[in-house]
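As provided, protein_39.pdb (PDB, C-alpha atoms) reads as follows.
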ATOM      1  CA  MET A  25     -20.266   2.840   2.864
ATOM      2  CA  GLN A  26     -17.108   4.288   1.336
ATOM      3  CA  LEU A  27     -17.214   4.970  -2.386
ATOM      4  CA  VAL A  28     -14.411   5.247  -4.911
ATOM      5  CA  THR A  29     -14.808   7.290  -8.061
ATOM      6  CA  LEU A  30     -13.227   5.534 -11.017
ATOM      7  CA  THR A  31     -12.340   7.561 -14.102
ATOM      8  CA  ALA A  32     -11.784   5.837 -17.449
ATOM      9  CA  PRO A  33      -9.300   7.200 -19.998
ATOM     10  CA  ASP A  34     -12.235   8.517 -22.053
ATOM     11  CA  GLY A  35     -13.434  10.578 -19.053
ATOM     12  CA  HIS A  36     -16.349   8.279 -18.131
ATOM     13  CA  ARG A  37     -16.795   8.118 -14.339
ATOM     14  CA  GLU A  38     -18.430   5.611 -12.056
ATOM     15  CA  ARG A  39     -18.699   5.352  -8.288
ATOM     16  CA  TRP A  40     -18.049   1.926  -6.806
ATOM     17  CA  ASP A  41     -18.043   0.826  -3.200
ATOM     18  CA  ILE A  42     -14.544   0.259  -1.878
ATOM     19  CA  THR A  43     -14.984  -3.483  -1.193
ATOM     20  CA  THR A  44     -16.240  -4.236  -4.705
ATOM     21  CA  THR A  45     -13.417  -2.148  -6.164
ATOM     22  CA  TYR A  46     -10.807  -3.976  -4.095
ATOM     23  CA  LEU A  47     -12.156  -7.419  -5.014
ATOM     24  CA  ALA A  48     -12.359  -6.489  -8.701
ATOM     25  CA  LEU A  49      -8.770  -5.201  -8.603
ATOM     26  CA  GLN A  50      -7.595  -8.414  -6.936
ATOM     27  CA  SER A  51      -9.268 -10.468  -9.636
ATOM     28  CA  TRP A  52      -7.869  -8.268 -12.430
ATOM     29  CA  TYR A  53      -4.395  -8.363 -10.854
ATOM     30  CA  SER A  54      -4.504 -12.173 -10.614
ATOM     31  CA  TYR A  55      -5.464 -12.365 -14.269
ATOM     32  CA  LEU A  56      -2.695  -9.973 -15.356
ATOM     33  CA  LYS A  57      -0.062 -11.857 -13.326
ATOM     34  CA  ASP A  58      -0.468 -14.945 -15.483
ATOM     35  CA  THR A  59      -2.487 -14.169 -18.605
ATOM     36  CA  ASP A  60      -1.209 -17.281 -20.403
ATOM     37  CA  ASN A  61      -2.469 -19.773 -17.826
ATOM     38  CA  ALA A  62      -5.237 -17.760 -16.205
ATOM     39  CA  LYS A  63      -8.872 -18.469 -16.779
ATOM     40  CA  GLU A  64     -10.951 -15.682 -18.252
ATOM     41  CA  PRO A  65     -11.331 -12.751 -15.844
ATOM     42  CA  THR A  66     -14.689 -12.122 -14.248
ATOM     43  CA  ALA A  67     -16.998  -9.538 -15.769
ATOM     44  CA  LEU A  68     -16.282  -7.230 -12.828
ATOM     45  CA  ALA A  69     -12.515  -7.632 -13.266
ATOM     46  CA  THR A  70     -12.800  -6.892 -16.980
ATOM     47  CA  ARG A  71     -14.923  -3.874 -16.190
ATOM     48  CA  ILE A  72     -12.404  -2.430 -13.735
ATOM     49  CA  GLY A  73      -9.698  -3.118 -16.315
ATOM     50  CA  GLU A  74     -11.375  -0.476 -18.477
ATOM     51  CA  PHE A  75     -10.621   2.072 -15.754
ATOM     52  CA  VAL A  76      -7.183   1.008 -14.522
ATOM     53  CA  GLY A  77      -5.677  -0.455 -17.687
ATOM     54  CA  ASP A  78      -3.493  -3.518 -17.984
ATOM     55  CA  ASP A  79      -0.238  -2.212 -16.505
ATOM     56  CA  ILE A  80       0.268  -4.736 -13.711
ATOM     57  CA  LYS A  81       2.453  -2.355 -11.685
ATOM     58  CA  GLN A  82      -0.246   0.319 -11.758
ATOM     59  CA  VAL A  83      -2.942  -2.204 -10.801
ATOM     60  CA  ARG A  84      -0.779  -3.344  -7.858
ATOM     61  CA  THR A  85      -0.361   0.294  -6.800
ATOM     62  CA  PHE A  86      -4.143   0.741  -6.815
ATOM     63  CA  LEU A  87      -4.539  -2.445  -4.753
ATOM     64  CA  ILE A  88      -2.065  -1.268  -2.120
ATOM     65  CA  TYR A  89      -3.667   2.178  -2.107
ATOM     66  CA  LEU A  90      -7.129   0.712  -1.438
ATOM     67  CA  ASP A  91      -5.754  -1.767   1.088
ATOM     68  CA  GLY A  92      -4.587   1.243   3.089
ATOM     69  CA  PHE A  93      -8.224   1.962   3.943
ATOM     70  CA  ASN A  94      -8.621  -1.482   5.505
ATOM     71  CA  ASP A  95      -7.654  -1.629   9.186
ATOM     72  CA  ASP A  96      -6.883   2.114   9.138
ATOM     73  CA  LEU A  97      -3.380   1.713   7.691
ATOM     74  CA  TYR A  98      -3.249   5.399   6.728
ATOM     75  CA  SER A  99      -3.958   6.363  10.343
ATOM     76  CA  LYS A 100      -1.289   3.960  11.565
ATOM     77  CA  LEU A 101       1.228   5.426   9.152
ATOM     78  CA  SER A 102       0.245   8.906  10.299
ATOM     79  CA  LEU A 103       0.820   7.898  13.928
ATOM     80  CA  LEU A 104       4.302   6.687  13.033
ATOM     81  CA  THR A 105       5.280   9.795  11.091
ATOM     82  CA  HIS A 106       3.592  12.429  13.277
ATOM     83  CA  ASN A 107       5.996  14.201  15.661
ATOM     84  CA  SER A 108       8.852  12.113  14.349
ATOM     85  CA  THR A 109      12.286  13.367  13.466
ATOM     86  CA  LYS A 110      12.681  10.457  11.085
ATOM     87  CA  SER A 111      11.708  10.790   7.466
ATOM     88  CA  THR A 112       9.287   8.430   5.789
ATOM     89  CA  VAL A 113      12.270   6.867   4.008
ATOM     90  CA  GLN A 114      14.043   6.170   7.295
ATOM     91  CA  LEU A 115      10.832   4.786   8.761
ATOM     92  CA  TYR A 116      10.449   2.533   5.725
ATOM     93  CA  PHE A 117      13.939   1.080   6.144
ATOM     94  CA  ILE A 118      13.471   0.584   9.884
ATOM     95  CA  MET A 119      10.226  -1.298   9.219
ATOM     96  CA  LYS A 120      11.980  -3.395   6.544
ATOM     97  CA  SER A 121      14.754  -4.256   9.024
ATOM     98  CA  LEU A 122      12.310  -5.748  11.529
ATOM     99  CA  ASN A 123      12.337  -9.546  11.591
ATOM    100  CA  ASN A 124      15.478  -9.447   9.454
ATOM    101  CA  PRO A 125      18.062 -11.841  10.901
ATOM    102  CA  ASN A 126      20.792 -10.137   8.844
ATOM    103  CA  TYR A 127      20.192  -6.671  10.322
ATOM    104  CA  LEU A 128      23.448  -5.004  11.377
ATOM    105  CA  SER A 129      23.135  -2.533  14.230
ATOM    106  CA  HIS A 130      24.612   0.951  14.086
ATOM    107  CA  ASN A 131      26.365   2.912  16.771
ATOM    108  CA  LYS A 132      24.779   2.867  20.234
ATOM    109  CA  LYS A 133      23.130   6.297  19.997
ATOM    110  CA  LYS A 134      21.498   5.557  16.659
ATOM    111  CA  GLU A 135      20.509   2.104  17.862
ATOM    112  CA  ARG A 136      18.706   3.580  20.894
ATOM    113  CA  GLU A 137      16.782   5.935  18.581
ATOM    114  CA  ARG A 138      15.944   3.020  16.300
ATOM    115  CA  GLU A 139      14.711   0.911  19.211
ATOM    116  CA  LYS A 140      12.286   3.670  20.240
ATOM    117  CA  ILE A 141      10.886   3.708  16.697
ATOM    118  CA  VAL A 142      10.743  -0.095  16.612
ATOM    119  CA  GLU A 143       8.730  -0.082  19.843
ATOM    120  CA  ARG A 144       6.370   2.513  18.368
ATOM    121  CA  ILE A 145       5.945   0.390  15.214
ATOM    122  CA  LYS A 146       5.164  -2.681  17.309
ATOM    123  CA  GLN A 147       2.657  -0.691  19.332
ATOM    124  CA  VAL A 148       0.906   0.746  16.263
ATOM    125  CA  THR A 149       0.770  -2.607  14.457
ATOM    126  CA  ASN A 150      -0.092  -4.574  17.624
ATOM    127  CA  ASN A 151       3.019  -6.588  16.783
ATOM    128  CA  ASP A 152       1.111  -8.184  13.895
ATOM    129  CA  GLU A 153       3.439  -9.298  11.097
ATOM    130  CA  ASN A 154       0.749  -9.095   8.403
ATOM    131  CA  THR A 155      -0.143  -5.511   9.367
ATOM    132  CA  LEU A 156       3.558  -4.644   9.297
ATOM    133  CA  LYS A 157       3.948  -6.110   5.787
ATOM    134  CA  ARG A 158       0.931  -4.157   4.517
ATOM    135  CA  LEU A 159       2.225  -0.993   6.176
ATOM    136  CA  ILE A 160       5.625  -1.497   4.536
ATOM    137  CA  ARG A 161       3.971  -1.827   1.104
ATOM    138  CA  LEU A 162       1.933   1.338   1.695
ATOM    139  CA  THR A 163       4.948   3.292   2.974
ATOM    140  CA  LYS A 164       6.950   2.194  -0.066
ATOM    141  CA  LEU A 165       4.352   3.844  -2.321
ATOM    142  CA  PHE A 166       5.003   7.139  -0.532
ATOM    143  CA  VAL A 167       8.778   6.645  -0.622
ATOM    144  CA  ASP A 168       8.716   5.852  -4.349
ATOM    145  CA  GLY A 169       6.409   8.792  -5.059
ATOM    146  CA  GLN A 170       3.681   6.509  -6.403
ATOM    147  CA  LEU A 171       0.970   8.027  -4.223
ATOM    148  CA  SER A 172       0.506  11.276  -6.091
ATOM    149  CA  TYR A 173      -2.423  12.706  -8.011
ATOM    150  CA  LYS A 174      -0.615  12.153 -11.313
ATOM    151  CA  ASN A 175      -0.072   8.448 -10.606
ATOM    152  CA  MET A 176      -3.592   7.845  -9.277
ATOM    153  CA  GLU A 177      -5.477   9.284 -12.267
ATOM    154  CA  ALA A 178      -7.944   6.382 -12.449
ATOM    155  CA  TYR A 179      -9.288   7.435  -9.048
ATOM    156  CA  LYS A 180     -10.361  11.042  -9.559
TER     157      LYS A 180
END
Kindly transcribe the structure held in the file into structure tokens.
Amino acid sequence: MQLVTLTAPDGHRERWDITTTYLALQSWYSYLKDTDNAKEPTALATRIGEFVGDDIKQVRTFLIYLDGFNDDLYSKLSLLTHNSTKSTVQLYFIMKSLNNPNYLSHNKKKEREREKIVERIKQVTNNDENTLKRLIRLTKLFVDGQLSYKNMEAYK
């Protein structure tokens, strides 16, 4: 069982299993998305709120971060970036361009390079659109610099 250590702003720490943490974050995120019309959050969601706060963007970041442990998304991202001449930013934009009917191709040399990366992405994701979407969200956290120790302070 994988455990996550949650650290509250007052320094209090608790270890939660990753599934419970993810479900509590989902519940807390749902509540924060529509506090006016939402029913009262569960006790577990309220409890995790003490650790992660009520900044909906930060809660979403934590959700994506934890989701990366499901289906080995971090390993898949590592496979795509390992031994690659492309940066994570370029990889992110190539992934975003997949299934985009408005994608405009580049010159032939760059397009051949892109196609090799596209094939690798399809291989790593087993051509699953949901896995690709989750991988795009995770990669965006790296591109935006959100996955850093400073930004993940609730999980020390």
**Request:** Tell me which protein, DNA and RNA residues are within 10 Å of segment 74-87 of chain A, counting only C-alpha atoms, leaving out same-chain ones fewer than 5 positions away, and put them as a ChimeraX atom specification.
**Result:** /A:30-38,45-50,52-57,69,92,161-162,165,170-171,175-179
**Request:** Would you mind reading off the distance between atom CA of Asp96 of chain A and atom CA of Arg158 of chain A, one decimal, in Å?
**Result:** 11.0 Å
**Request:** Take the PyMOL selection byres ((chain A and resi 148) around 12), apply it to the structure above, and return the hits as a ChimeraX atom specification.
**Result:** /A:95-105,119,141-147,149-153,155-156,159
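When atom CA of Phe117 of chain A is paired with atom CA of Phe166 of chain A, their separation reads 12.7 Å.
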**Complete:** atom CA of Asn94 of chain A sits from atom CA of Glu137 of chain A at a separation of 29.5 Å
What box, with edges along x, y and z, holds each listed atom of segment 127-138 of chain A when 8 Å is added on every side, and can you state its centre and edge lengths in Å to one decimal, as lines of an AutoDock Vina configuration file?
center_x = 21.2
center_y = -0.2
center_z = 15.6
size_x = 26.4
size_y = 29.0
size_z = 26.6
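Distances here use only C-alpha atoms; by that measure, the residue among A:Val167, A:Ile42, A:Ile72, A:Leu27 closest to Ser111 of chain A is A:Val167.
Neighbouring residues of Gln26 of chain A at 10 Å or closer, counting only C-alpha atoms and skipping chain neighbours under 6 positions away, are Arg39, Trp40, Asp41, Ile42, Thr43 and Phe93 of chain A.
Of the listed residues A:Ala62, A:Ser51, A:Arg71, A:Ile118, the one whose atoms come nearest to Glu135 of chain A is A:Ile118, with distances taken using only C-alpha atoms.
Among A:Thr59, A:Thr29, A:Thr112, A:Thr44, the residue with the shortest atom-to-atom distance to Gly169 of chain A, counting all atoms listed in the file, is A:Thr112.
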